[in-house]
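Dumped work33.cif below, it's mmCIF, C-alpha atoms:
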```cif
data_my_file
loop_
_atom_site.label_atom_id
_atom_site.label_comp_id
_atom_site.auth_asym_id
_atom_site.auth_seq_id
_atom_site.Cartn_x
_atom_site.Cartn_y
_atom_site.Cartn_z
CA MET B 1 -110.81 -25.83 -48.42
CA PHE B 2 -107.37 -25.94 -49.92
CA GLY B 3 -106.26 -29.30 -51.27
CA TYR B 4 -109.75 -30.75 -51.39
CA GLU B 5 -110.73 -32.45 -54.61
CA PHE B 6 -113.84 -34.11 -55.91
CA TYR B 7 -113.69 -37.88 -56.46
CA VAL B 8 -116.35 -39.91 -58.23
CA ASP B 9 -116.31 -43.67 -57.69
CA PRO B 10 -118.90 -45.45 -59.86
CA SER B 11 -118.19 -48.81 -58.20
CA ARG B 12 -119.48 -47.44 -54.88
CA CYS B 13 -122.73 -46.00 -56.17
CA ILE B 14 -125.76 -47.78 -54.73
CA GLY B 15 -128.33 -45.80 -56.68
CA CYS B 16 -130.02 -44.34 -53.58
CA GLN B 17 -130.53 -40.97 -55.30
CA SER B 18 -129.64 -39.01 -52.17
CA CYS B 19 -127.39 -36.81 -54.28
CA ILE B 20 -130.25 -35.99 -56.65
CA ASN B 21 -132.44 -34.83 -53.80
CA ALA B 22 -129.66 -32.95 -52.07
CA CYS B 23 -128.79 -31.19 -55.30
CA ALA B 24 -132.41 -30.23 -55.89
CA GLU B 25 -132.50 -28.50 -52.51
CA CYS B 26 -129.95 -25.94 -53.55
CA GLU B 27 -131.21 -22.38 -53.49
CA THR B 28 -129.72 -21.42 -56.81
CA HIS B 29 -131.73 -24.00 -58.77
CA ARG B 30 -134.35 -25.20 -56.32
CA GLY B 31 -136.32 -28.26 -57.39
CA THR B 32 -134.08 -29.13 -60.29
CA PRO B 33 -131.17 -31.49 -59.68
CA MET B 34 -128.03 -30.86 -61.70
CA ILE B 35 -126.52 -34.26 -61.01
CA HIS B 36 -127.07 -37.30 -63.19
CA VAL B 37 -127.49 -40.84 -61.82
CA ASP B 38 -127.52 -43.18 -64.77
CA PHE B 39 -128.13 -46.89 -65.11
CA LEU B 40 -125.19 -48.46 -66.90
CA ASP B 41 -127.00 -51.30 -68.61
CA ARG B 42 -130.47 -51.44 -67.29
CA THR B 43 -131.56 -54.76 -68.82
CA ASN B 44 -128.70 -56.69 -67.27
CA THR B 45 -127.69 -54.93 -64.08
CA ILE B 46 -128.88 -52.54 -61.40
CA ALA B 47 -125.52 -50.78 -61.36
CA THR B 48 -125.73 -47.00 -61.41
CA VAL B 49 -123.17 -44.27 -61.85
CA PRO B 50 -123.38 -40.69 -60.60
CA PHE B 51 -122.13 -37.94 -62.86
CA VAL B 52 -121.26 -34.48 -61.69
CA CYS B 53 -119.67 -31.98 -64.05
CA MET B 54 -116.05 -32.99 -64.49
CA HIS B 55 -114.91 -29.36 -64.94
CA CYS B 56 -112.54 -29.93 -67.86
CA GLU B 57 -109.35 -27.92 -68.13
CA ASP B 58 -110.26 -27.09 -71.71
CA PRO B 59 -114.05 -27.32 -71.55
CA THR B 60 -115.64 -28.55 -74.76
CA CYS B 61 -119.01 -27.05 -73.80
CA ALA B 62 -117.49 -23.56 -73.57
CA LYS B 63 -115.52 -24.03 -76.78
CA VAL B 64 -118.62 -24.85 -78.80
CA CYS B 65 -120.79 -22.15 -77.25
CA PRO B 66 -121.63 -19.64 -80.02
CA ALA B 67 -122.90 -17.07 -77.50
CA ASP B 68 -119.83 -17.06 -75.25
CA ALA B 69 -122.09 -17.94 -72.32
CA ILE B 70 -120.07 -20.61 -70.53
CA LYS B 71 -117.13 -19.38 -68.50
CA LYS B 72 -114.46 -20.97 -66.36
CA THR B 73 -113.49 -19.23 -63.13
CA GLU B 74 -109.94 -18.98 -61.86
CA ASP B 75 -110.38 -21.94 -59.50
CA GLY B 76 -111.06 -24.18 -62.48
CA VAL B 77 -114.82 -24.47 -62.07
CA VAL B 78 -116.81 -24.34 -65.29
CA GLN B 79 -119.94 -22.36 -64.49
CA SER B 80 -123.50 -22.75 -65.67
CA SER B 81 -124.38 -20.67 -68.70
CA LEU B 82 -124.83 -16.95 -68.16
CA LYS B 83 -128.52 -16.19 -68.36
CA PRO B 84 -128.23 -12.99 -70.43
CA ARG B 85 -126.06 -14.72 -73.01
CA CYS B 86 -127.40 -18.27 -73.33
CA ILE B 87 -129.48 -18.73 -76.46
CA ALA B 88 -130.59 -22.29 -75.60
CA CYS B 89 -129.05 -23.75 -78.75
CA SER B 90 -128.04 -27.02 -77.02
CA ASN B 91 -124.61 -27.08 -78.64
CA CYS B 92 -123.00 -27.74 -75.25
CA VAL B 93 -125.49 -30.53 -74.48
CA LEU B 94 -124.48 -32.31 -77.67
CA ALA B 95 -120.76 -31.59 -77.41
CA CYS B 96 -119.98 -32.48 -73.80
CA PRO B 97 -118.20 -35.85 -73.82
CA PHE B 98 -119.64 -36.66 -70.39
CA GLY B 99 -123.20 -35.62 -71.22
CA ILE B 100 -123.44 -33.18 -68.33
CA PRO B 101 -125.18 -29.97 -69.47
CA LYS B 102 -128.97 -29.92 -69.17
CA MET B 103 -131.17 -27.80 -71.37
CA MET B 104 -133.85 -26.19 -69.26
CA THR B 105 -136.40 -25.72 -72.00
CA GLU B 106 -138.82 -23.76 -69.82
CA LEU B 107 -136.05 -21.32 -68.85
CA GLU B 108 -134.46 -21.34 -72.31
CA GLN B 109 -131.11 -21.74 -70.64
CA MET B 110 -128.52 -24.45 -70.17
CA MET B 111 -127.80 -25.32 -66.56
CA LYS B 112 -125.32 -27.73 -65.17
CA CYS B 113 -123.41 -28.75 -62.07
CA ASP B 114 -121.13 -25.93 -60.91
CA MET B 115 -119.69 -27.92 -58.03
CA CYS B 116 -122.00 -26.02 -55.67
CA TYR B 117 -120.03 -22.84 -56.32
CA ASP B 118 -121.87 -21.01 -53.56
CA ARG B 119 -120.65 -23.64 -51.10
CA THR B 120 -117.20 -24.69 -52.33
CA SER B 121 -116.08 -21.11 -52.85
CA GLU B 122 -116.51 -20.48 -49.16
CA GLY B 123 -115.05 -23.72 -47.90
CA LYS B 124 -118.05 -26.01 -47.67
CA ARG B 125 -118.37 -29.35 -49.40
CA PRO B 126 -120.72 -29.78 -52.37
CA MET B 127 -124.21 -30.92 -51.41
CA CYS B 128 -124.03 -34.31 -53.13
CA ALA B 129 -120.72 -35.19 -51.47
CA THR B 130 -122.11 -34.35 -48.03
CA VAL B 131 -125.07 -36.73 -48.38
CA CYS B 132 -123.60 -39.65 -50.33
CA PRO B 133 -123.83 -42.60 -47.87
CA SER B 134 -121.30 -44.77 -49.70
CA GLN B 135 -118.99 -41.86 -50.55
CA ALA B 136 -119.18 -42.63 -54.25
CA LEU B 137 -119.10 -38.85 -54.39
CA ALA B 138 -116.33 -37.67 -52.10
CA TYR B 139 -114.85 -34.22 -51.56
CA VAL B 140 -111.71 -34.95 -49.59
CA PRO B 141 -107.97 -34.26 -49.66
CA ARG B 142 -105.82 -36.34 -52.00
CA GLU B 143 -103.93 -38.14 -49.16
CA GLN B 144 -107.16 -39.30 -47.65
CA ILE B 145 -108.50 -40.87 -50.83
CA GLU B 146 -105.18 -42.58 -51.54
CA ARG B 147 -105.03 -43.98 -48.04
CA LEU B 148 -108.57 -45.30 -47.89
CA ARG B 149 -109.32 -46.53 -51.40
CA ARG B 150 -108.07 -49.39 -53.50
CA GLU B 151 -108.95 -47.65 -56.76
CA LYS B 152 -106.77 -45.03 -58.33
CA PRO B 153 -107.97 -41.49 -59.06
CA THR B 154 -107.48 -40.23 -62.60
CA ASN B 155 -108.42 -37.08 -64.37
CA THR B 156 -107.35 -38.07 -67.86
CA PHE B 157 -109.91 -39.39 -70.31
CA PHE B 158 -109.77 -40.35 -73.93
CA PHE B 159 -112.89 -40.04 -76.05
CA GLY B 160 -111.77 -41.44 -79.36
CA LYS B 161 -108.95 -39.07 -80.27
CA GLN B 162 -109.97 -36.31 -77.87
CA LYS B 163 -107.94 -36.14 -74.68
CA VAL B 164 -109.79 -34.55 -71.82
CA THR B 165 -108.19 -33.48 -68.55
CA THR B 166 -110.54 -32.59 -65.75
CA LYS B 167 -110.64 -31.01 -62.31
CA VAL B 168 -112.84 -33.77 -60.90
CA PHE B 169 -111.26 -37.18 -60.47
CA MET B 170 -112.74 -40.54 -61.40
CA MET B 171 -111.75 -43.66 -59.44
CA ILE B 172 -110.59 -46.37 -61.83
CA PRO B 173 -108.93 -49.77 -61.44
CA PRO B 174 -105.37 -49.31 -60.10
CA GLU B 175 -103.71 -50.97 -63.10
CA GLN B 176 -105.05 -48.28 -65.46
CA ASP B 177 -103.72 -44.76 -65.93
CA ALA B 178 -106.51 -43.18 -67.92
CA LEU B 179 -110.05 -43.96 -68.91
CA SER B 180 -110.59 -44.55 -72.57
CA VAL B 181 -114.01 -44.51 -74.17
CA ASP B 182 -114.63 -45.00 -77.84
CA VAL B 183 -118.21 -44.61 -78.90
CA VAL B 184 -117.63 -46.90 -81.84
CA ASP B 185 -117.08 -49.77 -79.41
CA TYR B 186 -120.68 -49.50 -78.30
CA MET B 187 -122.30 -49.06 -81.67
CA TRP B 188 -122.57 -52.70 -82.70
CA GLU B 189 -123.78 -55.23 -80.18
CA GLU B 190 -122.30 -58.24 -81.94
CA LYS B 191 -118.86 -56.67 -82.19
CA ALA B 192 -117.69 -57.93 -78.78
CA MET V 1 -105.70 -5.64 -86.20
CA LYS V 2 -103.90 -8.45 -87.99
CA LEU V 3 -101.02 -6.10 -88.77
CA PHE V 4 -100.08 -5.82 -85.13
CA ARG V 5 -100.21 -9.50 -84.22
CA PRO V 6 -97.32 -11.90 -84.63
CA ALA V 7 -98.00 -14.80 -86.95
CA GLY V 8 -98.82 -18.19 -85.53
CA LYS V 9 -100.63 -16.81 -82.51
CA GLU V 10 -104.19 -17.67 -81.62
CA PRO V 11 -106.76 -15.63 -83.51
CA LEU V 12 -107.80 -12.37 -81.89
CA TRP V 13 -111.37 -13.47 -81.15
CA LYS V 14 -110.09 -16.29 -78.98
CA ASP V 15 -108.25 -13.72 -76.89
CA GLU V 16 -111.19 -11.36 -76.74
CA PHE V 17 -113.77 -14.05 -75.96
CA SER V 18 -111.71 -16.24 -73.72
CA ILE V 19 -113.27 -19.16 -71.91
CA ASN V 20 -111.60 -18.05 -68.71
CA ARG V 21 -113.49 -15.34 -66.92
CA ALA V 22 -110.34 -13.55 -65.78
CA ASP V 23 -108.80 -13.46 -69.28
CA GLU V 24 -112.00 -12.13 -70.78
CA GLN V 25 -111.68 -8.84 -68.94
CA TYR V 26 -107.91 -8.62 -69.05
CA VAL V 27 -106.43 -5.63 -70.87
CA SER V 28 -102.68 -5.68 -71.33
CA ARG V 29 -100.60 -2.53 -71.00
CA ARG V 30 -99.74 -2.72 -74.68
CA GLN V 31 -103.42 -2.96 -75.63
CA PHE V 32 -104.29 -0.03 -73.40
CA THR V 33 -101.45 2.11 -74.77
CA LYS V 34 -102.46 1.25 -78.31
CA PHE V 35 -106.02 2.27 -77.53
CA LEU V 36 -104.86 5.56 -75.99
CA VAL V 37 -102.57 6.44 -78.87
CA LEU V 38 -105.09 5.60 -81.57
CA THR V 39 -107.96 7.43 -79.87
CA SER V 40 -105.90 10.56 -79.24
CA LEU V 41 -104.67 10.45 -82.80
CA GLY V 42 -108.25 10.13 -84.01
CA MET V 43 -109.36 13.07 -81.90
CA PHE V 44 -106.43 15.18 -83.06
CA VAL V 45 -107.14 14.48 -86.72
CA GLY V 46 -110.83 15.19 -86.16
CA ASN V 47 -110.06 18.53 -84.53
CA VAL V 48 -107.68 19.52 -87.31
CA TRP V 49 -110.36 18.68 -89.83
CA ILE V 50 -112.97 20.77 -88.03
CA LEU V 51 -110.49 23.66 -87.80
CA ALA V 52 -109.63 23.42 -91.50
CA ARG V 53 -113.28 23.36 -92.42
CA SER V 54 -114.08 26.46 -90.44
CA TRP V 55 -111.09 28.25 -91.99
CA PHE V 56 -112.07 27.53 -95.54
CA ARG V 57 -115.79 27.96 -95.19
CA GLY V 58 -116.99 31.24 -96.66
CA THR V 59 -120.06 33.15 -95.50
CA PRO V 60 -123.18 31.54 -96.92
CA VAL V 61 -125.04 33.40 -99.62
CA TYR V 62 -128.81 33.57 -99.34
CA PRO V 63 -131.10 34.26 -102.26
CA GLU V 64 -133.74 36.95 -102.23
CA LYS V 65 -137.22 35.57 -102.26
CA ASN V 66 -140.68 37.09 -102.44
CA ILE V 67 -142.84 35.98 -99.56
CA CYS V 68 -146.10 37.80 -99.92
CA ARG V 69 -147.64 41.24 -99.94
CA ALA V 70 -147.65 43.01 -96.62
CA THR V 71 -151.44 43.28 -96.69
CA ASP V 72 -151.83 39.53 -97.14
CA VAL V 73 -151.03 38.99 -93.48
CA PRO V 74 -153.64 40.32 -91.05
CA VAL V 75 -152.56 41.77 -87.70
CA GLY V 76 -152.00 38.80 -85.37
CA GLY V 77 -151.88 36.47 -88.35
CA VAL V 78 -149.18 34.26 -89.83
CA TRP V 79 -147.95 33.35 -93.30
CA LEU V 80 -146.08 30.08 -93.96
CA PHE V 81 -143.34 30.01 -96.55
CA ARG V 82 -140.13 28.17 -97.46
CA TYR V 83 -136.70 29.73 -97.20
CA PRO V 84 -133.84 29.47 -98.19
CA THR V 85 -134.67 26.16 -99.91
CA GLU V 86 -137.93 24.39 -100.54
CA LYS V 87 -137.19 22.06 -97.63
CA ASP V 88 -136.92 24.73 -94.93
CA ALA V 89 -140.29 25.67 -93.50
CA CYS V 90 -140.51 29.22 -92.10
CA ILE V 91 -143.20 31.24 -90.43
CA LEU V 92 -143.91 34.96 -90.91
CA ILE V 93 -145.79 36.69 -88.10
CA ARG V 94 -147.40 40.09 -87.90
CA PRO V 95 -147.83 40.71 -84.17
CA ASP V 96 -148.97 44.32 -84.67
CA GLU V 97 -149.69 46.83 -87.40
CA GLU V 98 -146.10 47.77 -88.20
CA THR V 99 -144.05 44.73 -87.21
CA TYR V 100 -143.23 41.74 -89.36
CA VAL V 101 -140.94 38.96 -88.09
CA ALA V 102 -140.03 35.63 -89.59
CA TYR V 103 -138.35 32.54 -88.13
CA SER V 104 -137.52 29.06 -89.18
CA GLN V 105 -140.42 26.86 -88.21
CA LYS V 106 -138.22 23.99 -87.06
CA CYS V 107 -137.91 23.78 -83.27
CA THR V 108 -134.21 23.64 -82.36
CA HIS V 109 -134.89 20.75 -80.00
CA LEU V 110 -136.26 17.95 -82.19
CA SER V 111 -137.46 19.79 -85.29
CA CYS V 112 -141.18 19.83 -84.59
CA ALA V 113 -143.06 22.65 -86.29
CA VAL V 114 -143.56 25.66 -84.03
CA TYR V 115 -146.78 27.71 -84.23
CA TYR V 116 -147.76 31.21 -83.20
CA ALA V 117 -149.72 31.42 -79.96
CA ARG V 118 -151.53 34.71 -80.44
CA GLU V 119 -152.94 35.22 -76.93
CA LYS V 120 -149.50 34.66 -75.34
CA ASN V 121 -147.67 36.41 -78.21
CA ARG V 122 -144.97 33.78 -78.52
CA LEU V 123 -143.94 30.83 -80.66
CA GLU V 124 -144.75 27.47 -79.16
CA CYS V 125 -143.55 23.98 -79.95
CA PRO V 126 -146.29 21.48 -79.06
CA CYS V 127 -144.01 18.45 -78.76
CA HIS V 128 -142.17 19.30 -75.54
CA GLU V 129 -143.58 22.72 -74.70
CA GLY V 130 -140.61 24.73 -75.85
CA TYR V 131 -141.52 28.43 -76.09
CA PHE V 132 -139.71 31.06 -78.14
CA SER V 133 -139.83 34.83 -77.88
CA ILE V 134 -141.48 36.68 -80.76
CA LYS V 135 -138.96 39.53 -80.43
CA ASN V 136 -135.74 37.72 -81.24
CA GLY V 137 -136.54 34.00 -81.27
CA SER V 138 -134.77 33.30 -77.97
CA VAL V 139 -135.83 30.36 -75.84
CA LEU V 140 -138.31 31.31 -73.10
CA GLN V 141 -138.93 27.86 -71.72
CA GLY V 142 -138.38 24.18 -72.36
CA PRO V 143 -135.76 21.92 -73.84
CA PRO V 144 -134.67 23.78 -77.03
CA PRO V 145 -130.92 24.46 -76.79
CA ARG V 146 -130.72 27.36 -79.24
CA PRO V 147 -132.90 30.27 -80.38
CA LEU V 148 -134.89 29.89 -83.57
CA PRO V 149 -132.93 31.01 -86.68
CA ARG V 150 -134.34 34.33 -87.78
CA VAL V 151 -135.21 35.18 -91.37
CA LEU V 152 -134.14 38.70 -92.35
CA LEU V 153 -136.95 40.58 -94.01
CA GLU V 154 -137.06 43.54 -96.30
CA ARG V 155 -140.06 45.54 -97.37
CA ARG V 156 -140.16 46.99 -100.86
CA GLY V 157 -143.37 48.91 -101.20
CA GLU V 158 -146.08 46.43 -100.56
CA GLN V 159 -143.88 43.41 -101.15
CA LEU V 160 -142.17 41.46 -98.33
CA LEU V 161 -138.92 39.73 -99.19
CA ALA V 162 -136.69 37.28 -97.36
CA VAL V 163 -133.07 38.36 -97.83
CA GLY V 164 -131.07 36.16 -95.46
CA MET V 165 -130.82 34.16 -92.29
CA ALA V 166 -129.44 35.64 -89.08
CA VAL V 167 -127.11 33.45 -87.05
CA GLN V 168 -128.08 33.83 -83.42
CA GLU V 169 -125.90 33.18 -80.43
CA GLU V 170 -126.87 30.65 -77.82
CA THR V 171 -128.84 32.16 -74.97
#
```
For this file, write the structure as structure tokens.
Amino acid sequence: MFGYEFYVDPSRCIGCQSCINACAECETHRGTPMIHVDFLDRTNTIATVPFVCMHCEDPTCAKVCPADAIKKTEDGVVQSSLKPRCIACSNCVLACPFGIPKMMTELEQMMKCDMCYDRTSEGKRPMCATVCPSQALAYVPREQIERLRREKPTNTFFFGKQKVTTKVFMMIPPEQDALSVDVVDYMWEEKA
Amino acid sequence: MKLFRPAGKEPLWKDEFSINRADEQYVSRRQFTKFLVLTSLGMFVGNVWILARSWFRGTPVYPEKNICRATDVPVGGVWLFRYPTEKDACILIRPDEETYVAYSQKCTHLSCAVYYAREKNRLECPCHEGYFSIKNGSVLQGPPPRPLPRVLLERRGEQLLAVGMAVQEET
């Protein structure tokens, strides 16, 4: 599906976990969801945010992999680790700024969202985007998302000094251009 | 390989182990040509070296060595000895009254020790069932690629001597 992009809108997530169950139905990793639905601040709010792999242009997970097991395909999708190469060292799990890779301890292999490569490579939408009732996860053309949404899609993130550009877009408030996260901001509660 | 790479470029390992799947398997024309040239050069030099070695190698000289007395070996019996050095096991066989033959005991396949099978009148290697002829050491059956090297014998009175090794052609 040429021109289709993945858009994640945290403000639309209702925490229904449909995406988790849809992801777990996939034949390539049956029973194990690769998507994350996280509570933002569980003591104060019920707000949740879904996280698929953002498929970075310069993937940190692949750069830190000592076994050369994580590869990016020509369409910009960062694949799960290659089973014969992965040594289950968890470097990628620790390095990913978005916290996406999952260490499957029983398989001794890292697995992560590959944007349903079996589906998207032949023109189908990813599982999670097909089931999301509020379209917090949307796989649509750019014109459509700009026409229908108030928020602005961005694929530029700052983690401290690291600039990350991704294939997947995040919907952010229209007055912002990029999303900036500094871990230090969250380290002391009384700072704010 | 650093000699061939312009300075300031990414290190070679980043090229070889690229994150992108397509780049990982990519071989540029220059790389391929370099590989071809270097490998052919290597093979050429190797061949020249082999040629030079065979030119300058003289015929090997073997010592004379007493094995045993002819009467020590009964008809149909064997006598084990070492020739030309202490590390080369050989076997002397007396298949009938007048005949004495000796071969290296190392099977030409994987160097197991061959033994004399008297009822079949041949040398047998137990490891992979390679059989050798008693007449000239040629391979009768099995995986050995070459005949057994033959030890040249000489009889002086009652004494048997080893005087050399015969190079045998492949069968």
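Atom CA of Asn136 of chain V sits 12.8 Å away from atom CA of Pro95 of chain V.
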If the PyMOL selection byres ((chain B) within 6 of (chain V)) were run on this exact file, what residues would it hold? Put them as a short mmCIF file (atom, residue, chain, number, x, y, z; two decimals) with C-alpha atoms, in the coordinates of the input.
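Contents of the output file expr.cif:
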```cif
data_model
loop_
_atom_site.label_atom_id
_atom_site.label_comp_id
_atom_site.auth_asym_id
_atom_site.auth_seq_id
_atom_site.Cartn_x
_atom_site.Cartn_y
_atom_site.Cartn_z
CA LYS B 71 -117.13 -19.38 -68.50
CA LYS B 72 -114.46 -20.97 -66.36
CA THR B 73 -113.49 -19.23 -63.13
#
```
task = Take the point (-126.9, -15.5, -66.1) as written in the file and pick out every residue within 12 Å of it, counting only C-alpha atoms; give the list as a list of chain:residue names.
result =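 Here is the list of nearby residues: B:Thr28, B:Asp68, B:Ala69, B:Ile70, B:Lys71, B:Gln79, B:Ser80, B:Ser81, B:Leu82, B:Lys83, B:Pro84, B:Arg85, B:Cys86, B:Ile87, B:Leu107, B:Glu108, B:Gln109, B:Met110, B:Met111.
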Write out the residues from the selection above, keeping C-alpha atoms, as an mmCIF file, in the coordinates of the input.
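Dumped everything to result_15.cif:
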```
data_model
loop_
_atom_site.group_PDB
_atom_site.id
_atom_site.type_symbol
_atom_site.label_atom_id
_atom_site.label_comp_id
_atom_site.auth_asym_id
_atom_site.auth_seq_id
_atom_site.Cartn_x
_atom_site.Cartn_y
_atom_site.Cartn_z
ATOM 1 C CA THR B 28 -129.720 -21.420 -56.810
ATOM 2 C CA ASP B 68 -119.830 -17.060 -75.250
ATOM 3 C CA ALA B 69 -122.090 -17.940 -72.320
ATOM 4 C CA ILE B 70 -120.070 -20.610 -70.530
ATOM 5 C CA LYS B 71 -117.130 -19.380 -68.500
ATOM 6 C CA GLN B 79 -119.940 -22.360 -64.490
ATOM 7 C CA SER B 80 -123.500 -22.750 -65.670
ATOM 8 C CA SER B 81 -124.380 -20.670 -68.700
ATOM 9 C CA LEU B 82 -124.830 -16.950 -68.160
ATOM 10 C CA LYS B 83 -128.520 -16.190 -68.360
ATOM 11 C CA PRO B 84 -128.230 -12.990 -70.430
ATOM 12 C CA ARG B 85 -126.060 -14.720 -73.010
ATOM 13 C CA CYS B 86 -127.400 -18.270 -73.330
ATOM 14 C CA ILE B 87 -129.480 -18.730 -76.460
ATOM 15 C CA LEU B 107 -136.050 -21.320 -68.850
ATOM 16 C CA GLU B 108 -134.460 -21.340 -72.310
ATOM 17 C CA GLN B 109 -131.110 -21.740 -70.640
ATOM 18 C CA MET B 110 -128.520 -24.450 -70.170
ATOM 19 C CA MET B 111 -127.800 -25.320 -66.560
#
```
query = Written as a PyMOL selection string, what is the full residue list that the PyMOL selection byres ((chain V and resi 77) around 9) yields on the file shown?
reply = chain V and resi 73-76+78-79+92-95+116+118
List the residues selected by the PyMOL selection byres ((chain V and resi 61-65) around 6) in the file shown, writing them as a short mmCIF file (atom, residue, chain, number, x, y, z; two decimals) with C-alpha atoms, in the frame of the given file.
```
data_model
loop_
_atom_site.label_atom_id
_atom_site.label_comp_id
_atom_site.auth_asym_id
_atom_site.auth_seq_id
_atom_site.Cartn_x
_atom_site.Cartn_y
_atom_site.Cartn_z
CA PRO V 60 -123.18 31.54 -96.92
CA ASN V 66 -140.68 37.09 -102.44
CA LEU V 161 -138.92 39.73 -99.19
CA ALA V 162 -136.69 37.28 -97.36
CA VAL V 163 -133.07 38.36 -97.83
CA GLY V 164 -131.07 36.16 -95.46
#
```
message = Please report the interatomic distance between atom CA of Pro141 of chain B and atom CA of Ile35 of chain B in Å with one decimal.
response =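 These atoms are spaced 21.7 Å apart.
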task = Tell me, in Å to one decimal, how far atom CA of Tyr83 of chain V is from atom CA of Gln159 of chain V.
result =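 Distance reported for this atom pair: 15.9 Å.
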request  = Identify, on the basis of all atoms listed in the file, every residue whose closest approach to segment 154-170 of chain B does not exceed 9 Å; exclude the query and any residue fewer than 2 positions from it along the same chain; express the result as a count of residues only.
outcome  = 29
task = Quick one: everything within 9 Å of Ala113 of chain V, counting only C-alpha atoms, minus sequence neighbours fewer than 6 positions away in the same chain. Send it as a PyMOL selection string.
result = chain V and resi 89+104-107+124-127
task = Please identify all polymer residues within 10 Å of Asn91 of chain B, counting all atoms listed in the file, omitting same-chain residues fewer than 2 positions from it, and present them as a list in words.
result = Thr60, Cys61, Ala62, Lys63, Val64, Cys65, Pro66, Ile87, Ala88, Cys89, Val93, Leu94, Ala95, Cys96, Pro101, Met103 and Met110 of chain B
Is it possible to get the axis-aligned box enclosing segment 144-148 of chain V (all listed atoms, 8 Å extra per side) as JSON, with centre and edge lengths in Å rounded to one decimal?
```
{"center_x": -132.8, "center_y": 27.0, "center_z": -80.2, "size_x": 20.2, "size_y": 22.5, "size_z": 22.8}
```
request  = Give me the residues within 9 Å of Gln17 of chain B as a list in words, counting only C-alpha atoms and dropping any in the same chain fewer than 5 places off.
outcome  =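 Within the cut-off, the hits are Ala22, Val37, Pro50 and Cys132 of chain B.
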Nearest to Met34 of chain B, chosen from B:Ala47, B:Ile100, B:Cys113, B:Cys16, with only C-alpha atoms counted in the distances = B:Cys113
Exercise: Asp118 of chain B partners within 10 Å, all atoms listed in the file, chain neighbours under 5 positions left out, as a count of residues only = 7
query = Which residue out of V:Pro143, V:Asp88, V:Tyr103, V:Val114 has the minimum interatomic distance to Ala166 of chain V when all atoms listed in the file are used?
reply =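 Nearest candidate to Ala166 of chain V out of V:Pro143, V:Asp88, V:Tyr103, V:Val114: V:Tyr103.
Using all atoms listed in the file, the protein and nucleic acid residues lying at most 9 Å from the point (-146.2, 38.5, -102.6) are Asn66, Ile67, Cys68, Arg69, Ala70, Asp72, Glu158, Gln159, Leu160 and Leu161 of chain V.
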